[in-house]
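Engineer: Take a look at this one; I'll ask things after.
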Amino acid sequence: MDVRKDFPILAGNDLAFLDSAASSQKPEMVIEAMDTMLRSGYANVHRGAYRLSAEATDAYEAARAKVARFIGATSPAEVIFTRGTTTSMNMLAAKWGADRLVAGDNVVLSVMEHHANLVPWQFLKGIELRFARLTDDFALDLESVAELVDERTRIVSITGMSNVLGTITPVDRIREIAGRVGATVIVDGAQLVPHLPVDVTDLGADFLAFSAHKMLGPTGIGVLWGRPALLEEMEPFEGGGEMIDEVGLYESTWAPVPHKFEAGTPPIVEAIGLGAAVDYLTGLGMDAVRKHDVELTGYALERLATMPAVTVYGPTDLEIRGGAISFTLGDVHPHDLSTILDENGVAVRAGHHCARPLMDHLGIPATARASFSVYSSGDEVDRLVDGLKVAAKLFDIRQ
Ligand code: PLP
């Protein structure tokens with residue numbers, strides 16, 4: 001993919017940026033759309049009767065419609081703007097979970113969940129959390145899901161793609177299992193939506209959460225998509241301006257979906273930026289984005305396999321993995337490794353990647369992680385491997 005020129009931060013910068021799973025860089029198109037909005041289109045939305053506000057509202061709602069089309073939603077009203085995946089998951093745990101589940105019910109998660117799809121569920125009192133295992137090749141073990149789901153399972157909430165292992169989960173199969181007991185399927189799409197074509201009409205999810213900043217858009221905005229009937233049924237998460245219909249001193253009624261979930265002034269400029277990011281990705285084509293990811297991941301795995309001291313944690317099968325590659329080098333602590341890589345012009349993430357229970361499950365304290373986006377290149381992978389060789393030499397690890 002020849003797109004590096006579209007990303008100002010990458011032009012003239014010789015850093016190999018391999019931390020896109022944490023947050024991606026932004027193309028000129030996104031920067032420009034936000035800049036233009038701030039310079040000439042900005043006003044609060046859904047409030048003013050004056051023209052500038054009406055135009056800002058149109059632009060904000062147009063961004064919602066773009067996101068809806070991008071994920072195949074049947075109506076823009078199914079797209080709720082939130083602060084990000086974390087807020088979307090907290091909203092679901094509180095309003096679809098705590099509000100509706102009773103003691104003795106259970107929620108099925110997996111051992112590879114990001115803390116955003118774990119800690120909010122821990123807030124639920126009296127609800128049992130169950131954790132699906134992984135196969136030997138780091139895929140989601142569907143047999144384990146099937147064993148855990150029973151008549152008291154109300155929710156199955158699982159990542160669409162692990163930010164640590166790269167594992168892509170078979171949401172349709174999860175749906176099949178959850179459907180037997182009428183459980184709701186929630187997909188943490190923070191890594192899935194930026195990297196694979198997603199169509200909510202056949203994904204198999206009831207709710208899907210994702211963040212703009214991981215898909216070339218700005219920070220401060222994300223999405224909660226939900227099936228219309230469920231969004232109607234779910235109570236608001238926050239109260240305040242914008243989300244109401246009638247307000248009295250003691251009681252209020254709610255605005256229609258999606259507005260009942262968007263209390264207060266929303267992230268207006270960020271929504272415009274997300275709309276531009278969606279336009280950019282649509283222009284590339286999500287099939288092409290996925291193809292690029294598969295090729296680059298395949299190449300990276302091949303190159304890393306030439307270093308016997310490197311252990312990769314994640315599926316070997318490219319069909320079920322994306323471009324987040326966690327690894328260790330001998331017994332070098334990943335933090336030391338990332339410092340050495342940084343000194344060699346390579347930026348990777350090191351740590352538990354907000355998935356501490358997964359680290360325990362793998363029996364390691366941390367990993368280093370290289371992760372890709374549309375602008376990532378084979379040359380950057382080569383530089384990663386060169387940097388690892390430098391580190392191996394420094395720590396006297398035989399190659
Ligand atoms: N879920 C996964 C799989 C992630 O990778 C992340 C971020 O790293 C999140 C959830 C949380 O996203 P955010 O920090 O944008 O709310």
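Residues in the structure tokens are named by chain (A, B, ... in the order shown) and by number from 1 within that chain; ligands are numbered from 1 in the order shown.
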Using only C-alpha atoms and all ligand atoms, find each residue with an atom at most 10 Å away from ligand 1 and format the answer as number ranges by chain.
Structural biologist: A: 20-23, 82-90, 112-118, 158-164, 166, 187-192, 209-214, 219-223, 324, 353-355
Engineer: Need to verify the contact set: region 379-393 of chain A, 6 Å, only C-alpha atoms, exclusion of same-chain residues closer than 5 positions in sequence. Can you return it as a VMD selection string?
Structural biologist: chain A and resid 16 300 341 344
Engineer: Counting only C-alpha atoms, which of A:Asp287, A:Asp336, A:Glu270, A:Asp150 gets nearest to Ala178 (chain A)?
Structural biologist: A:Asp150
Engineer: Between A:Leu231, A:Ile320, A:Ala73, A:Val171, which is the closest to Ala205 (chain A) once you count only C-alpha atoms?
Structural biologist: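 Looking only at the distances to Ala205 (chain A), the closest residue turns out to be A:Val171.
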Engineer: Using only C-alpha atoms for the distances, tell me which of A:Ile168, A:Val156, A:Val45, A:Leu101 is nearest to Gly264 (chain A).
Structural biologist: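 Under the stated criterion, the closest residue is A:Val45.
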Engineer: Just the strand (DSSP E) stuff from region 43-159 of chain A, please, per backbone DSSP, written as a PyMOL selection string.
Structural biologist: chain A and resi 79-82+106-110+128-132+153-159
Engineer: Between CA of Phe7 (chain A) and CA of Gln25 (chain A), what is the distance in Å, rounded to a tenth?
Structural biologist: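 These two atoms are separated by 7.1 Å.
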